[in-house]
Amino acid sequence: MEMDGNTKNMALTGMAALCLILGILGALGNTWLVPTGDDAEAMEEMDMDMGYGLTTAWSTMDMGDSDTCDAMADMMTEDSEAEAECDGSEITISQSFSDICDEEDDEDSCDMATGGMIGTIGMWAGILCALVLTLSLALPMAGVDAMDQLPDVAKKVATWGAGAAMLVGMLGWYIMIPESDTETGLGMSGWMAGAAMTIGLGAAAMDQFVESTE
């Protein structure tokens with residue numbers, strides 16, 4: 001398959017930039033897993049929500065009034081390593097899986113902490129590769145030669161590394177997810193990370209298999 005060189009370069013630049021942006025949003029997001037099905041409906045009826053990021057679990061609940069919320073937040077922060085904040089009558093409680101693992105010696109939380117670490121490393125390694133790839137493609141188009149000294153092998157590693165590192169991170173995270181009584185599914189942050197991974201791999205495949213024409 002062939003493509004005009006300028007068109008291919010612009011397409012690769014756009015894909016690399018999109019991979020970078022979605023990767024950052026996914027890595028920083030806290031909705032990698034969210035309740036689904038009957039569990040989601042039950043929580044909605046109770047004015048409650050919860051979810052899991054790569055490194056933390058969180059939940060929100062309406063406490064009825066701000067005074068009750070503040071009292072609950074103080075109690076939660078005194079008795080554990082959890083963080084609790086109030087927005088009016090709604091309390092948000094979050095705690096890292098590693099803290100839960102250390103405090104309660106909970107095997108599931110320890111597995112989630114390990115999976116989160118793998119996912120975090122994979123995602124940020126992919127983000128770094130996507131950044132290098134984006135700069136190496138976009139700067140020459142703007143007449144900036146700052147990336148000209150970058151070896152070709154480094155550009156090739158960045159091209160394949162963006163999507164591949166995210167893939168390894170997501171697979172490692174998914175494998176470590178323990179079974180739970182709560183029915184969960186991939187949330188918005190997880191979908192954005194998956195999209196970033198797919199676009200990154202797509203950009204690498206285009207660079208490898210689509211030939212440029214003058």
# chains A, B, ... in the order shown; residues from 1 in each chain; ligands from 1
>>> residues_around(residues="Trp32 (chain A)", least_positions_apart="5", cutoff="7 Å", atoms="only C-alpha atoms", output="PyMOL selection string")
chain A and resi 52-54+186-190
>>> select_by_dssp(residues="region 34-182 of chain A", states="alpha helix (DSSP H)", output="MDAnalysis selection string")
chainID A and resid 37:45 66:79 97:104 107:141 152:176
>>> closest_atom_pairs(of="region 1-37 of chain A", to="region 198-205 of chain A", cutoff="7 Å", atoms="only C-alpha atoms", output="Markdown table")
| residue | atom | partner | partner_atom | distance |
| --- | --- | --- | --- | --- |
| A:Leu12 | CA | A:Ala203 | CA | 5.8 |
| A:Met15 | CA | A:Ala203 | CA | 6.1 |
| A:Ala16 | CA | A:Gly200 | CA | 6.4 |
| A:Cys19 | CA | A:Gly200 | CA | 5.6 |
>>> write_last_selection(atoms="N, CA, C and O atoms", output="PDB file, in the first residue's frame")
ATOM      1  N   LEU A  12       0.392  10.333  10.561  1.00  0.00           N
ATOM      2  CA  LEU A  12       1.157   9.771  11.666  1.00  0.00           C
ATOM      3  C   LEU A  12       1.267  10.767  12.820  1.00  0.00           C
ATOM      4  O   LEU A  12       1.159  10.383  13.993  1.00  0.00           O
ATOM      5  N   MET A  15      -2.073  10.868  14.645  1.00  0.00           N
ATOM      6  CA  MET A  15      -2.285   9.652  15.427  1.00  0.00           C
ATOM      7  C   MET A  15      -1.395   9.635  16.667  1.00  0.00           C
ATOM      8  O   MET A  15      -1.830   9.237  17.755  1.00  0.00           O
ATOM      9  N   ALA A  16      -0.142  10.064  16.511  1.00  0.00           N
ATOM     10  CA  ALA A  16       0.774  10.092  17.652  1.00  0.00           C
ATOM     11  C   ALA A  16       0.290  11.072  18.715  1.00  0.00           C
ATOM     12  O   ALA A  16       0.321  10.783  19.916  1.00  0.00           O
ATOM     13  N   CYS A  19      -2.757   9.614  20.421  1.00  0.00           N
ATOM     14  CA  CYS A  19      -2.304   8.565  21.337  1.00  0.00           C
ATOM     15  C   CYS A  19      -1.763   9.177  22.622  1.00  0.00           C
ATOM     16  O   CYS A  19      -2.064   8.708  23.727  1.00  0.00           O
TER      17      CYS A  19
END
>>> atom_distance(atom1="CA of Leu139 (chain A)", atom2="CA of Met123 (chain A)")
23.7 Å
>>> closest_residue(among="A:Asn30, A:Thr68, A:Ser80, A:Thr134", to="Lys155 (chain A)", atoms="only C-alpha atoms")
A:Thr134
>>> residues_around(residues="Met170 (chain A)", least_positions_apart="6", cutoff="8 Å", atoms="only C-alpha atoms", output="PyMOL selection string")
chain A and resi 118-119+122-123+194
>>> select_by_dssp(residues="region 4-133 of chain A", states="strand (DSSP E)", output="PyMOL selection string")
chain A and resi 4+33-35+48-52+56-62+83-87+90-96
>>> atom_distance(atom1="CA of Leu171 (chain A)", atom2="CA of Val153 (chain A)")
25.8 Å
>>> residues_around(residues="region 126-128 of chain A", least_positions_apart="5", cutoff="10 Å", atoms="only C-alpha atoms", output="list in words")
Ala16, Ala17, Cys19, Leu20, Ile21, Leu22, Gly23, Ile24, Ala27, Thr120, Ile121, Leu133, Thr134, Ala158, Thr159, Trp160, Gly161, Ala162, Gly163, Ala164, Ala165, Met166, Leu167, Val168, Gly169, Ala196, Met197 and Gly200 of chain A
>>> write_last_selection(atoms="N, CA and C atoms", output="PDB file, in the first residue's frame")
ATOM      1  N   ALA A  16      -0.142  10.064  16.511  1.00  0.00           N
ATOM      2  CA  ALA A  16       0.774  10.092  17.652  1.00  0.00           C
ATOM      3  C   ALA A  16       0.290  11.072  18.715  1.00  0.00           C
ATOM      4  N   ALA A  17      -0.169  12.250  18.264  1.00  0.00           N
ATOM      5  CA  ALA A  17      -0.666  13.258  19.210  1.00  0.00           C
ATOM      6  C   ALA A  17      -1.917  12.762  19.926  1.00  0.00           C
ATOM      7  N   CYS A  19      -2.757   9.614  20.421  1.00  0.00           N
ATOM      8  CA  CYS A  19      -2.304   8.565  21.337  1.00  0.00           C
ATOM      9  C   CYS A  19      -1.763   9.177  22.622  1.00  0.00           C
ATOM     10  N   LEU A  20      -0.991  10.250  22.483  1.00  0.00           N
ATOM     11  CA  LEU A  20      -0.415  10.931  23.644  1.00  0.00           C
ATOM     12  C   LEU A  20      -1.505  11.505  24.542  1.00  0.00           C
ATOM     13  N   ILE A  21      -2.441  12.230  23.955  1.00  0.00           N
ATOM     14  CA  ILE A  21      -3.492  12.896  24.743  1.00  0.00           C
ATOM     15  C   ILE A  21      -4.387  11.875  25.438  1.00  0.00           C
ATOM     16  N   LEU A  22      -4.865  10.879  24.677  1.00  0.00           N
ATOM     17  CA  LEU A  22      -5.747   9.861  25.268  1.00  0.00           C
ATOM     18  C   LEU A  22      -5.005   9.033  26.312  1.00  0.00           C
ATOM     19  N   GLY A  23      -3.719   8.783  26.070  1.00  0.00           N
ATOM     20  CA  GLY A  23      -2.931   8.026  27.034  1.00  0.00           C
ATOM     21  C   GLY A  23      -2.810   8.745  28.368  1.00  0.00           C
ATOM     22  N   ILE A  24      -2.554  10.062  28.316  1.00  0.00           N
ATOM     23  CA  ILE A  24      -2.454  10.845  29.545  1.00  0.00           C
ATOM     24  C   ILE A  24      -3.789  10.871  30.280  1.00  0.00           C
ATOM     25  N   ALA A  27      -4.360   7.396  31.825  1.00  0.00           N
ATOM     26  CA  ALA A  27      -3.470   7.094  32.950  1.00  0.00           C
ATOM     27  C   ALA A  27      -3.852   7.881  34.200  1.00  0.00           C
ATOM     28  N   THR A 120       0.420   1.339  35.414  1.00  0.00           N
ATOM     29  CA  THR A 120       0.970   2.692  35.461  1.00  0.00           C
ATOM     30  C   THR A 120       2.296   2.778  34.721  1.00  0.00           C
ATOM     31  N   ILE A 121       3.177   1.815  34.971  1.00  0.00           N
ATOM     32  CA  ILE A 121       4.479   1.806  34.294  1.00  0.00           C
ATOM     33  C   ILE A 121       4.291   1.681  32.783  1.00  0.00           C
ATOM     34  N   LEU A 133       7.655  10.475  19.738  1.00  0.00           N
ATOM     35  CA  LEU A 133       7.199  10.283  18.362  1.00  0.00           C
ATOM     36  C   LEU A 133       6.508  11.534  17.831  1.00  0.00           C
ATOM     37  N   THR A 134       5.641  12.121  18.641  1.00  0.00           N
ATOM     38  CA  THR A 134       4.925  13.325  18.217  1.00  0.00           C
ATOM     39  C   THR A 134       5.892  14.467  17.910  1.00  0.00           C
ATOM     40  N   ALA A 158      10.383   4.433  19.627  1.00  0.00           N
ATOM     41  CA  ALA A 158       9.273   5.282  20.055  1.00  0.00           C
ATOM     42  C   ALA A 158       8.015   4.959  19.261  1.00  0.00           C
ATOM     43  N   THR A 159       8.180   4.668  17.952  1.00  0.00           N
ATOM     44  CA  THR A 159       7.031   4.374  17.097  1.00  0.00           C
ATOM     45  C   THR A 159       6.289   3.140  17.580  1.00  0.00           C
ATOM     46  N   TRP A 160       7.024   2.067  17.829  1.00  0.00           N
ATOM     47  CA  TRP A 160       6.384   0.825  18.279  1.00  0.00           C
ATOM     48  C   TRP A 160       6.130   0.814  19.782  1.00  0.00           C
ATOM     49  N   GLY A 161       6.954   1.567  20.521  1.00  0.00           N
ATOM     50  CA  GLY A 161       6.844   1.526  21.977  1.00  0.00           C
ATOM     51  C   GLY A 161       5.593   2.166  22.519  1.00  0.00           C
ATOM     52  N   ALA A 162       5.078   3.190  21.828  1.00  0.00           N
ATOM     53  CA  ALA A 162       3.898   3.894  22.340  1.00  0.00           C
ATOM     54  C   ALA A 162       2.741   2.934  22.563  1.00  0.00           C
ATOM     55  N   GLY A 163       2.349   2.228  21.512  1.00  0.00           N
ATOM     56  CA  GLY A 163       1.224   1.309  21.641  1.00  0.00           C
ATOM     57  C   GLY A 163       1.586   0.034  22.375  1.00  0.00           C
ATOM     58  N   ALA A 164       2.812  -0.486  22.139  1.00  0.00           N
ATOM     59  CA  ALA A 164       3.206  -1.761  22.737  1.00  0.00           C
ATOM     60  C   ALA A 164       3.320  -1.665  24.246  1.00  0.00           C
ATOM     61  N   ALA A 165       3.901  -0.580  24.757  1.00  0.00           N
ATOM     62  CA  ALA A 165       4.043  -0.427  26.210  1.00  0.00           C
ATOM     63  C   ALA A 165       2.683  -0.311  26.882  1.00  0.00           C
ATOM     64  N   MET A 166       1.778   0.441  26.243  1.00  0.00           N
ATOM     65  CA  MET A 166       0.430   0.553  26.794  1.00  0.00           C
ATOM     66  C   MET A 166      -0.279  -0.798  26.779  1.00  0.00           C
ATOM     67  N   LEU A 167      -0.067  -1.573  25.718  1.00  0.00           N
ATOM     68  CA  LEU A 167      -0.675  -2.900  25.629  1.00  0.00           C
ATOM     69  C   LEU A 167      -0.182  -3.792  26.759  1.00  0.00           C
ATOM     70  N   VAL A 168       1.126  -3.793  27.001  1.00  0.00           N
ATOM     71  CA  VAL A 168       1.691  -4.609  28.083  1.00  0.00           C
ATOM     72  C   VAL A 168       1.138  -4.161  29.429  1.00  0.00           C
ATOM     73  N   GLY A 169       1.058  -2.839  29.623  1.00  0.00           N
ATOM     74  CA  GLY A 169       0.531  -2.324  30.886  1.00  0.00           C
ATOM     75  C   GLY A 169      -0.914  -2.712  31.112  1.00  0.00           C
ATOM     76  N   ALA A 196      -5.983   4.804  23.095  1.00  0.00           N
ATOM     77  CA  ALA A 196      -4.614   5.287  22.915  1.00  0.00           C
ATOM     78  C   ALA A 196      -3.708   4.150  22.461  1.00  0.00           C
ATOM     79  N   MET A 197      -3.846   2.988  23.094  1.00  0.00           N
ATOM     80  CA  MET A 197      -3.054   1.821  22.727  1.00  0.00           C
ATOM     81  C   MET A 197      -3.308   1.428  21.269  1.00  0.00           C
ATOM     82  N   GLY A 200      -1.872   3.983  18.883  1.00  0.00           N
ATOM     83  CA  GLY A 200      -0.416   3.876  18.864  1.00  0.00           C
ATOM     84  C   GLY A 200       0.066   2.713  18.019  1.00  0.00           C
TER      85      GLY A 200
END
>>> residues_around(residues="Asp4 (chain A)", least_positions_apart="2", cutoff="10 Å", atoms="only C-alpha atoms", output="ChimeraX atom specification")
/A:2,6-9,210-214
>>> closest_residue(among="A:Pro178, A:Pro140, A:Gly185, A:Gly29", to="Thr56 (chain A)", atoms="only C-alpha atoms")
A:Gly29
>>> atom_distance(atom1="CA of Gly26 (chain A)", atom2="CA of Ala193 (chain A)")
4.6 Å
>>> closest_residue(among="A:Met10, A:Ile175, A:Ala195, A:Leu150", to="Asp111 (chain A)", atoms="only C-alpha atoms")
A:Ile175
>>> closest_atom_pairs(of="region 43-66 of chain A", to="region 85-102 of chain A", cutoff="8 Å", atoms="only C-alpha atoms", output="Markdown table")
| residue | atom | partner | partner_atom | distance |
| --- | --- | --- | --- | --- |
| A:Thr55 | CA | A:Ser96 | CA | 5.5 |
| A:Thr56 | CA | A:Ser96 | CA | 4.0 |
| A:Ala57 | CA | A:Ser94 | CA | 5.6 |
| A:Trp58 | CA | A:Ser94 | CA | 4.1 |
| A:Ser59 | CA | A:Ile93 | CA | 5.4 |
| A:Thr60 | CA | A:Thr92 | CA | 4.4 |
| A:Met61 | CA | A:Ile91 | CA | 5.5 |
| A:Asp62 | CA | A:Glu90 | CA | 4.3 |
| A:Met63 | CA | A:Ser89 | CA | 5.4 |
| A:Gly64 | CA | A:Ser89 | CA | 5.6 |
| A:Asp65 | CA | A:Ser89 | CA | 4.4 |
| A:Ser66 | CA | A:Ser89 | CA | 4.2 |
>>> decode(residues="region 2-33 of chain A", atoms="N, CA, C and O atoms", output="tab-separated table (two decimals), in the first residue's frame")
chain	number	residue	atom	x	y	z
A	2	GLU	N	0.49	2.25	-0.76
A	2	GLU	CA	1.26	3.47	-0.84
A	2	GLU	C	0.42	4.69	-0.46
A	2	GLU	O	-0.80	4.66	-0.57
A	3	MET	N	1.12	5.75	0.00
A	3	MET	CA	0.45	6.98	0.38
A	3	MET	C	1.41	8.14	0.14
A	3	MET	O	2.64	7.98	0.27
A	4	ASP	N	0.87	9.27	-0.26
A	4	ASP	CA	1.68	10.46	-0.42
A	4	ASP	C	2.46	10.75	0.86
A	4	ASP	O	1.92	10.65	1.97
A	5	GLY	N	3.74	11.10	0.70
A	5	GLY	CA	4.61	11.27	1.86
A	5	GLY	C	4.11	12.30	2.85
A	5	GLY	O	4.12	12.07	4.07
A	6	ASN	N	3.68	13.45	2.35
A	6	ASN	CA	3.19	14.51	3.24
A	6	ASN	C	1.91	14.08	3.96
A	6	ASN	O	1.73	14.33	5.16
A	7	THR	N	1.03	13.40	3.22
A	7	THR	CA	-0.22	12.93	3.82
A	7	THR	C	0.06	11.90	4.91
A	7	THR	O	-0.54	11.93	5.99
A	8	LYS	N	0.99	11.00	4.62
A	8	LYS	CA	1.35	9.98	5.60
A	8	LYS	C	1.94	10.62	6.85
A	8	LYS	O	1.59	10.23	7.98
A	9	ASN	N	2.83	11.59	6.66
A	9	ASN	CA	3.46	12.24	7.80
A	9	ASN	C	2.44	12.97	8.66
A	9	ASN	O	2.49	12.91	9.90
A	10	MET	N	1.49	13.64	8.02
A	10	MET	CA	0.46	14.35	8.77
A	10	MET	C	-0.45	13.37	9.51
A	10	MET	O	-0.84	13.62	10.66
A	11	ALA	N	-0.76	12.24	8.86
A	11	ALA	CA	-1.61	11.24	9.51
A	11	ALA	C	-0.90	10.64	10.71
A	11	ALA	O	-1.51	10.46	11.79
A	12	LEU	N	0.39	10.33	10.56
A	12	LEU	CA	1.16	9.77	11.67
A	12	LEU	C	1.27	10.77	12.82
A	12	LEU	O	1.16	10.38	13.99
A	13	THR	N	1.47	12.04	12.49
A	13	THR	CA	1.57	13.06	13.52
A	13	THR	C	0.26	13.17	14.31
A	13	THR	O	0.26	13.25	15.54
A	14	GLY	N	-0.86	13.18	13.59
A	14	GLY	CA	-2.15	13.26	14.25
A	14	GLY	C	-2.42	12.05	15.13
A	14	GLY	O	-2.91	12.19	16.26
A	15	MET	N	-2.07	10.87	14.64
A	15	MET	CA	-2.29	9.65	15.43
A	15	MET	C	-1.39	9.64	16.67
A	15	MET	O	-1.83	9.24	17.76
A	16	ALA	N	-0.14	10.06	16.51
A	16	ALA	CA	0.77	10.09	17.65
A	16	ALA	C	0.29	11.07	18.72
A	16	ALA	O	0.32	10.78	19.92
A	17	ALA	N	-0.17	12.25	18.26
A	17	ALA	CA	-0.67	13.26	19.21
A	17	ALA	C	-1.92	12.76	19.93
A	17	ALA	O	-2.09	12.97	21.14
A	18	LEU	N	-2.81	12.10	19.19
A	18	LEU	CA	-4.04	11.58	19.79
A	18	LEU	C	-3.71	10.47	20.78
A	18	LEU	O	-4.32	10.38	21.86
A	19	CYS	N	-2.76	9.61	20.42
A	19	CYS	CA	-2.30	8.57	21.34
A	19	CYS	C	-1.76	9.18	22.62
A	19	CYS	O	-2.06	8.71	23.73
A	20	LEU	N	-0.99	10.25	22.48
A	20	LEU	CA	-0.42	10.93	23.64
A	20	LEU	C	-1.50	11.51	24.54
A	20	LEU	O	-1.50	11.29	25.77
A	21	ILE	N	-2.44	12.23	23.95
A	21	ILE	CA	-3.49	12.90	24.74
A	21	ILE	C	-4.39	11.87	25.44
A	21	ILE	O	-4.66	11.96	26.64
A	22	LEU	N	-4.87	10.88	24.68
A	22	LEU	CA	-5.75	9.86	25.27
A	22	LEU	C	-5.01	9.03	26.31
A	22	LEU	O	-5.59	8.63	27.33
A	23	GLY	N	-3.72	8.78	26.07
A	23	GLY	CA	-2.93	8.03	27.03
A	23	GLY	C	-2.81	8.75	28.37
A	23	GLY	O	-2.95	8.14	29.43
A	24	ILE	N	-2.55	10.06	28.32
A	24	ILE	CA	-2.45	10.85	29.54
A	24	ILE	C	-3.79	10.87	30.28
A	24	ILE	O	-3.85	10.67	31.50
A	25	LEU	N	-4.87	11.11	29.55
A	25	LEU	CA	-6.19	11.15	30.17
A	25	LEU	C	-6.53	9.80	30.80
A	25	LEU	O	-7.10	9.73	31.90
A	26	GLY	N	-6.20	8.71	30.10
A	26	GLY	CA	-6.48	7.39	30.64
A	26	GLY	C	-5.65	7.09	31.87
A	26	GLY	O	-6.17	6.60	32.89
A	27	ALA	N	-4.36	7.40	31.83
A	27	ALA	CA	-3.47	7.09	32.95
A	27	ALA	C	-3.85	7.88	34.20
A	27	ALA	O	-3.74	7.38	35.32
A	28	LEU	N	-4.30	9.12	34.02
A	28	LEU	CA	-4.65	9.97	35.16
A	28	LEU	C	-6.08	9.77	35.63
A	28	LEU	O	-6.45	10.23	36.72
A	29	GLY	N	-6.90	9.10	34.84
A	29	GLY	CA	-8.31	8.93	35.17
A	29	GLY	C	-8.54	7.93	36.30
A	29	GLY	O	-7.69	7.09	36.59
A	30	ASN	N	-9.70	8.01	36.91
A	30	ASN	CA	-10.02	7.12	38.04
A	30	ASN	C	-11.21	6.20	37.75
A	30	ASN	O	-11.83	5.68	38.67
A	31	THR	N	-11.52	6.01	36.47
A	31	THR	CA	-12.65	5.13	36.13
A	31	THR	C	-12.18	4.01	35.19
A	31	THR	O	-12.73	3.82	34.11
A	32	TRP	N	-11.16	3.29	35.60
A	32	TRP	CA	-10.73	2.13	34.82
A	32	TRP	C	-11.76	1.00	34.96
A	32	TRP	O	-12.01	0.26	34.01
A	33	LEU	N	-12.31	0.86	36.14
A	33	LEU	CA	-13.39	-0.10	36.37
A	33	LEU	C	-14.53	0.62	37.07
A	33	LEU	O	-14.30	1.41	38.00
